[in-house]
file start.txt (compact mmCIF, C-alpha atoms and all ligand atoms)
# COMPACT_ATOMS: atom_id res chain seq x y z
CA MET V 1 101.55 108.67 81.42
CA LYS V 2 98.04 109.59 82.55
CA SER V 3 97.40 112.44 84.95
CA ILE V 4 94.84 113.31 87.61
CA VAL V 5 93.98 116.61 89.26
CA PHE V 6 94.59 116.69 93.03
CA ALA V 7 92.64 119.44 94.79
CA THR V 8 95.25 120.76 97.17
CA SER V 9 97.86 123.46 97.52
CA ASN V 10 99.64 121.48 100.28
CA GLU V 11 102.99 120.43 98.80
CA HIS V 12 103.50 117.82 101.55
CA LYS V 13 100.27 116.09 100.57
CA ILE V 14 101.28 116.18 96.91
CA TYR V 15 104.63 114.60 97.82
CA GLU V 16 103.01 111.87 99.93
CA VAL V 17 100.38 111.00 97.34
CA GLN V 18 102.79 111.00 94.37
CA SER V 19 105.26 108.84 96.37
CA LYS V 20 102.47 106.39 97.16
CA PHE V 21 101.38 106.21 93.49
CA ASP V 22 104.99 105.67 92.38
CA CYS V 23 105.64 103.03 95.04
CA ASP V 24 102.42 101.14 94.14
CA ASN V 25 103.18 101.30 90.39
CA VAL V 26 100.23 103.56 89.67
CA ASP V 27 101.34 105.18 86.43
CA ILE V 28 99.60 108.50 87.09
CA LYS V 29 101.09 111.95 87.52
CA ILE V 30 99.40 114.32 89.95
CA ILE V 31 98.49 117.77 88.68
CA PRO V 32 97.79 120.47 91.25
CA VAL V 33 95.01 122.98 90.61
CA THR V 34 96.52 125.64 88.36
CA GLN V 35 94.56 128.62 89.71
CA PRO V 36 94.37 130.16 93.20
CA PHE V 37 92.40 127.57 95.11
CA GLU V 38 90.72 128.35 98.43
CA PRO V 39 87.36 126.55 98.62
CA GLU V 40 85.20 127.23 101.66
CA GLU V 41 85.52 124.05 103.73
CA ASN V 42 82.17 124.36 105.50
CA GLY V 43 81.30 120.67 105.66
CA THR V 44 80.52 118.99 108.96
CA ASN V 45 82.91 116.07 108.48
CA PHE V 46 86.00 115.01 106.53
CA LEU V 47 84.02 113.37 103.72
CA GLU V 48 81.88 116.46 103.12
CA ASN V 49 84.95 118.70 103.01
CA ALA V 50 86.77 116.33 100.64
CA TYR V 51 83.76 116.50 98.31
CA ILE V 52 83.65 120.34 98.49
CA LYS V 53 87.34 120.65 97.58
CA ALA V 54 87.23 118.03 94.83
CA PHE V 55 84.11 119.57 93.21
CA GLU V 56 85.63 123.06 93.31
CA ALA V 57 88.85 121.83 91.67
CA ALA V 58 86.95 119.81 89.06
CA LYS V 59 84.90 122.90 88.08
CA ILE V 60 88.05 125.01 87.73
CA MET V 61 89.98 122.39 85.76
CA GLY V 62 87.05 120.99 83.70
CA VAL V 63 87.95 117.37 84.50
CA PRO V 64 87.33 115.04 87.46
CA ALA V 65 89.47 115.90 90.47
CA PHE V 66 90.15 114.21 93.80
CA ALA V 67 90.71 115.79 97.20
CA ASP V 68 91.96 114.63 100.56
CA ASP V 69 90.49 116.15 103.70
CA SER V 70 92.32 115.09 106.79
CA GLY V 71 92.95 115.97 110.39
CA LEU V 72 93.91 114.94 113.88
CA CYS V 73 91.22 113.84 116.35
CA VAL V 74 92.21 113.66 120.02
CA ASP V 75 89.97 111.58 122.31
CA ALA V 76 90.51 113.70 125.46
CA LEU V 77 89.56 116.83 123.49
CA GLY V 78 86.30 115.36 122.22
CA GLY V 79 87.77 114.79 118.76
CA LEU V 80 89.35 118.22 118.34
CA PRO V 81 91.03 119.69 116.39
CA GLY V 82 89.33 117.33 113.89
CA ILE V 83 88.04 119.06 110.78
CA HIS V 84 89.54 122.29 112.16
CA SER V 85 93.10 120.88 112.22
CA ALA V 86 94.43 123.22 109.53
CA ARG V 87 92.90 126.30 111.22
CA TYR V 88 93.54 125.33 114.89
CA ALA V 89 96.24 128.06 115.15
CA PRO V 90 98.08 130.24 112.58
CA THR V 91 101.42 128.38 112.30
CA ARG V 92 102.59 124.78 112.59
CA ASP V 93 104.45 125.54 115.84
CA GLU V 94 101.49 127.39 117.36
CA LYS V 95 99.17 124.51 116.48
CA ILE V 96 101.40 122.02 118.27
CA THR V 97 101.87 124.33 121.28
CA LYS V 98 98.11 124.82 121.55
CA LEU V 99 97.55 121.06 121.33
CA LEU V 100 100.16 120.25 123.99
CA ASN V 101 98.71 122.95 126.30
CA ALA V 102 95.21 121.56 125.83
CA LEU V 103 96.51 118.15 126.92
CA LYS V 104 98.54 119.32 129.93
CA ASP V 105 96.00 117.87 132.41
CA PHE V 106 96.19 114.49 130.66
CA PRO V 107 99.71 113.24 131.42
CA GLN V 108 99.22 109.47 130.96
CA GLU V 109 99.75 107.79 127.59
CA GLN V 110 96.28 106.20 127.63
CA GLU V 111 94.72 109.65 128.18
CA ARG V 112 96.44 111.03 125.07
CA LYS V 113 94.97 108.66 122.47
CA ALA V 114 94.37 110.19 119.05
CA HIS V 115 93.84 109.27 115.44
CA PHE V 116 94.44 110.88 112.12
CA SER V 117 91.55 110.61 109.67
CA CYS V 118 91.70 111.02 105.91
CA ALA V 119 88.75 111.21 103.51
CA ILE V 120 89.24 111.07 99.75
CA SER V 121 86.60 112.06 97.22
CA LEU V 122 86.73 111.97 93.40
CA VAL V 123 84.20 114.32 91.78
CA THR V 124 83.30 115.33 88.22
CA PRO V 125 82.89 118.97 87.08
CA GLU V 126 79.11 118.32 87.20
CA GLY V 127 79.31 117.37 90.88
CA GLU V 128 78.92 113.60 90.56
CA GLU V 129 80.93 111.79 93.22
CA LEU V 130 82.64 108.86 91.48
CA PHE V 131 84.39 107.52 94.56
CA SER V 132 84.83 108.25 98.26
CA THR V 133 86.55 106.60 101.20
CA GLU V 134 87.77 107.40 104.72
CA SER V 135 90.53 105.79 106.79
CA GLN V 136 92.15 106.28 110.18
CA CYS V 137 95.52 105.73 111.82
CA ASN V 138 95.68 105.36 115.61
CA GLY V 139 98.38 106.71 117.88
CA TYR V 140 98.83 109.07 120.78
CA ILE V 141 100.18 112.54 121.43
CA ILE V 142 103.59 112.72 123.09
CA LYS V 143 104.73 115.66 125.19
CA GLU V 144 107.72 116.86 123.15
CA LEU V 145 108.41 117.13 119.44
CA HIS V 146 110.42 114.31 117.84
CA GLY V 147 111.62 114.16 114.22
CA THR V 148 111.77 116.56 111.32
CA ASN V 149 110.05 114.71 108.45
CA GLY V 150 106.48 115.18 107.30
CA PHE V 151 104.29 118.15 108.21
CA GLY V 152 101.57 119.42 110.54
CA TYR V 153 101.21 117.46 113.78
CA ASP V 154 103.65 114.70 112.72
CA PRO V 155 106.32 115.49 115.40
CA VAL V 156 103.91 114.75 118.29
CA PHE V 157 101.92 111.86 116.77
CA TYR V 158 103.44 108.63 118.06
CA VAL V 159 102.66 105.25 116.48
CA LYS V 160 103.22 101.91 118.22
CA GLU V 161 103.92 100.05 114.95
CA TYR V 162 107.31 101.72 114.71
CA ASN V 163 107.69 103.19 118.23
CA LYS V 164 108.30 106.52 116.55
CA THR V 165 106.46 109.71 115.68
CA PHE V 166 105.29 110.22 112.09
CA ALA V 167 108.02 112.88 111.81
CA GLU V 168 110.67 110.25 112.57
CA LEU V 169 109.49 107.99 109.72
CA ASP V 170 110.77 108.20 106.18
CA ILE V 171 108.13 108.60 103.50
CA ASP V 172 108.04 104.86 102.64
CA LYS V 173 107.24 103.92 106.23
CA LYS V 174 104.65 106.68 106.72
CA ASN V 175 103.11 105.57 103.43
CA ARG V 176 102.60 102.04 104.80
CA ILE V 177 100.49 102.94 107.83
CA SER V 178 99.20 106.51 107.66
CA HIS V 179 95.56 107.54 107.39
CA ARG V 180 96.32 108.98 103.94
CA ALA V 181 98.09 105.80 102.80
CA LEU V 182 95.17 103.58 103.92
CA ALA V 183 92.63 105.80 102.15
CA LEU V 184 94.89 105.86 99.09
CA ASN V 185 95.03 102.04 99.07
CA ASN V 186 91.25 102.08 98.55
CA PHE V 187 91.48 104.84 95.95
CA ILE V 188 94.24 103.00 94.06
CA LYS V 189 92.08 99.84 93.94
CA PHE V 190 89.28 101.95 92.45
CA ILE V 191 91.65 103.50 89.89
CA LYS V 192 93.02 100.09 88.86
CA ASN V 193 89.48 98.71 88.41
CA ASN V 194 88.34 101.74 86.40
CA LYS V 195 91.28 102.31 84.11
CA SER V 196 89.62 104.57 81.51
P1 LIG V 201 93.25 119.99 105.15
O1 LIG V 201 94.12 120.55 104.08
O2 LIG V 201 92.04 120.80 105.45
O3 LIG V 201 92.92 118.54 104.89
O4 LIG V 201 94.12 120.11 106.48
C1 LIG V 201 94.54 119.04 107.15
C2 LIG V 201 95.36 119.50 108.35
O5 LIG V 201 95.41 118.39 109.25
C3 LIG V 201 96.80 119.80 107.95
O6 LIG V 201 97.01 121.16 107.72
C4 LIG V 201 97.57 119.30 109.17
O7 LIG V 201 97.60 120.29 110.16
C5 LIG V 201 96.72 118.14 109.65
N1 LIG V 201 97.15 116.88 109.00
C6 LIG V 201 96.51 116.15 108.07
N2 LIG V 201 97.23 115.09 107.69
C7 LIG V 201 98.36 115.16 108.40
C8 LIG V 201 99.51 114.33 108.44
O8 LIG V 201 99.68 113.34 107.72
N3 LIG V 201 100.46 114.72 109.32
C9 LIG V 201 100.36 115.81 110.12
N4 LIG V 201 99.32 116.63 110.11
C10 LIG V 201 98.31 116.30 109.25

call {"tool": "encode", "arguments": {"input": "start.txt", "output": "structure tokens", "more": "lines below"}}
Ligand code: IMP
result
Amino acid sequence: MKSIVFATSNEHKIYEVQSKFDCDNVDIKIIPVTQPFEPEENGTNFLENAYIKAFEAAKIMGVPAFADDSGLCVDALGGLPGIHSARYAPTRDEKITKLLNALKDFPQEQERKAHFSCAISLVTPEGEELFSTESQCNGYIIKELHGTNGFGYDPVFYVKEYNKTFAELDIDKKNRISHRALALNNFIKFIKNNKS
């Protein structure tokens, strides 16, 4: 089986991406970066940050690496937390509390529209970007937490397709509609067309 370096230390992302590869019969095993990995994500958008992480991992590992940069963008908050989603507050619970507080003056469903965005970039150790893509998944932010699956903002991100939050979906369902799944569909097409 072939392998590919995934520039992340987020075990939930590794699980989602490996599950998607397995489900789509992509015979590739994901390898996390084997050294402490904390690149400075100082890009101005998801694609730039995905490139920064992938390049850093590729330099460390000496082979091409791909990265996912993702986040939650809330319309009423002007797109925040956006690229700052991971750093919006110290813990998962504090992030969600801060988000729900920020939306307390927006009680109606149509005022709480949001989307997750996911950018994927595949970069060589020399810095050449071999592939990049970005996808979104639309939903809205509900007022209480529902579900225990997934990670991050999943318990408050509600999707109409299933009338559930992401945290109420099993991995197969999340992997049909999520921002990461849609970006991975494009990445998987690229991988299948460039088998070497
Ligand atoms: P990154 O590692 O800089 O891409 O951080 C992305 C952050 O966005 C994560 O730490 C989560 O807080 C949030 N995020 C991204 N994708 C998801 C998802 O699928 N579900 C819930 N939160 C997500």

call {"tool": "closest_atom_pairs", "arguments": {"input": "start.txt", "of": "range 35-92 of chain V", "to": "range 114-124 of chain V", "cutoff": "7 Å", "atoms": "all atoms listed in the file", "output": "CSV"}}
result
residue,atom,partner,partner_atom,distance
V:Phe46,CA,V:Ala119,CA,5.6
V:Leu47,CA,V:Ala119,CA,5.2
V:Ala50,CA,V:Ser121,CA,5.5
V:Tyr51,CA,V:Ser121,CA,5.4
V:Ala54,CA,V:Val123,CA,5.7
V:Phe55,CA,V:Val123,CA,5.4
V:Ala58,CA,V:Thr124,CA,5.8
V:Val63,CA,V:Thr124,CA,6.3
V:Pro64,CA,V:Thr124,CA,4.1
V:Ala65,CA,V:Leu122,CA,5.6
V:Phe66,CA,V:Leu122,CA,4.1
V:Ala67,CA,V:Ser121,CA,5.6
V:Asp68,CA,V:Ile120,CA,4.6
V:Asp69,CA,V:Ala119,CA,5.2
V:Ser70,CA,V:Cys118,CA,4.2
V:Gly71,CA,V:Phe116,CA,5.6
V:Leu72,CA,V:Phe116,CA,4.5
V:Cys73,CA,V:His115,CA,5.3
V:Val74,CA,V:Ala114,CA,4.2
V:Asp75,CA,V:Ala114,CA,5.6

call {"tool": "residues_near_ligand", "arguments": {"input": "start.txt", "ligand": "ligand LIG 201 (chain V)", "cutoff": "10 Å", "atoms": "all atoms listed in the file", "output": "count of residues only"}}
result
55

call {"tool": "closest_residue", "arguments": {"input": "start.txt", "among": "V:Glu48, V:Val5, V:Asn163, V:Ser135", "to": "Ile28 in chain V", "atoms": "only C-alpha atoms"}}
result
V:Val5

call {"tool": "residues_around", "arguments": {"input": "start.txt", "residues": "Asn193 in chain V", "least_positions_apart": "6", "cutoff": "12 Å", "atoms": "all atoms listed in the file", "output": "list in words"}}
result
Val26, Phe131, Asn186 and Phe187 of chain V

call {"tool": "write_last_selection", "arguments": {"input": "start.txt", "atoms": "C-alpha atoms", "output": "PDB file, in the coordinates of the input"}}
result
ATOM      1  CA  VAL V  26     100.230 103.560  89.670  1.00  0.00           C
ATOM      2  CA  PHE V 131      84.390 107.520  94.560  1.00  0.00           C
ATOM      3  CA  ASN V 186      91.250 102.080  98.550  1.00  0.00           C
ATOM      4  CA  PHE V 187      91.480 104.840  95.950  1.00  0.00           C
TER       5      PHE V 187
END

call {"tool": "atom_distance", "arguments": {"input": "start.txt", "atom1": "CA of Gly147 in chain V", "atom2": "CA of Leu169 in chain V"}}
result
7.9 Å

call {"tool": "closest_residue", "arguments": {"input": "start.txt", "among": "V:Lys2, V:Lys20, V:Ala102, V:Gly127", "to": "Lys173 in chain V", "atoms": "all atoms listed in the file"}}
result
V:Lys20

call {"tool": "atom_distance", "arguments": {"input": "start.txt", "atom1": "CA of Arg176 in chain V", "atom2": "CA of Ala57 in chain V"}}
result
27.4 Å

call {"tool": "atom_distance", "arguments": {"input": "start.txt", "atom1": "CA of Phe6 in chain V", "atom2": "CA of Thr133 in chain V"}}
result
15.3 Å

call {"tool": "residues_around", "arguments": {"input": "start.txt", "residues": "Gln110 in chain V", "least_positions_apart": "4", "cutoff": "12 Å", "atoms": "only C-alpha atoms", "output": "list in words"}}
result
Val74, Asp75, Ala76, Leu103, Phe106, Ala114, Gly139, Tyr140, Ile141 and Ile142 of chain V

call {"tool": "closest_residue", "arguments": {"input": "start.txt", "among": "V:Lys59, V:Glu128, V:Leu80, V:Tyr158", "to": "Glu109 in chain V", "atoms": "all atoms listed in the file"}}
result
V:Tyr158

call {"tool": "residues_near_point", "arguments": {"input": "start.txt", "point": "(91.9, 128.4, 87.9)", "cutoff": "9 Å", "atoms": "all atoms listed in the file", "output": "short mmCIF file (atom, residue, chain, number, x, y, z; two decimals) with C-alpha atoms, in the frame of the given file"}}
result
data_model
loop_
_atom_site.label_atom_id
_atom_site.label_comp_id
_atom_site.auth_asym_id
_atom_site.auth_seq_id
_atom_site.Cartn_x
_atom_site.Cartn_y
_atom_site.Cartn_z
CA VAL V 33 95.01 122.98 90.61
CA THR V 34 96.52 125.64 88.36
CA GLN V 35 94.56 128.62 89.71
CA PRO V 36 94.37 130.16 93.20
CA PHE V 37 92.40 127.57 95.11
CA ALA V 57 88.85 121.83 91.67
CA LYS V 59 84.90 122.90 88.08
CA ILE V 60 88.05 125.01 87.73
CA MET V 61 89.98 122.39 85.76
#

call {"tool": "axis_aligned_box", "arguments": {"input": "start.txt", "around": "range 93-108 of chain V", "padding_each_side": "6 Å", "output": "lines of an AutoDock Vina configuration file"}}
result
center_x = 99.8
center_y = 118.4
center_z = 124.1
size_x = 21.2
size_y = 29.9
size_z = 28.6

call {"tool": "closest_residue", "arguments": {"input": "start.txt", "among": "V:His146, V:Ile30, V:Gly62, V:Gln136", "to": "Leu182 in chain V", "atoms": "all atoms listed in the file"}}
result
V:Gln136

call {"tool": "closest_residue", "arguments": {"input": "start.txt", "among": "V:Glu126, V:Glu144, V:Lys98, V:Phe21", "to": "Glu56 in chain V", "atoms": "only C-alpha atoms"}}
result
V:Glu126

call {"tool": "closest_residue", "arguments": {"input": "start.txt", "among": "V:Asn101, V:Tyr162, V:Ser132, V:Ile31", "to": "Ile188 in chain V", "atoms": "all atoms listed in the file"}}
result
V:Ser132
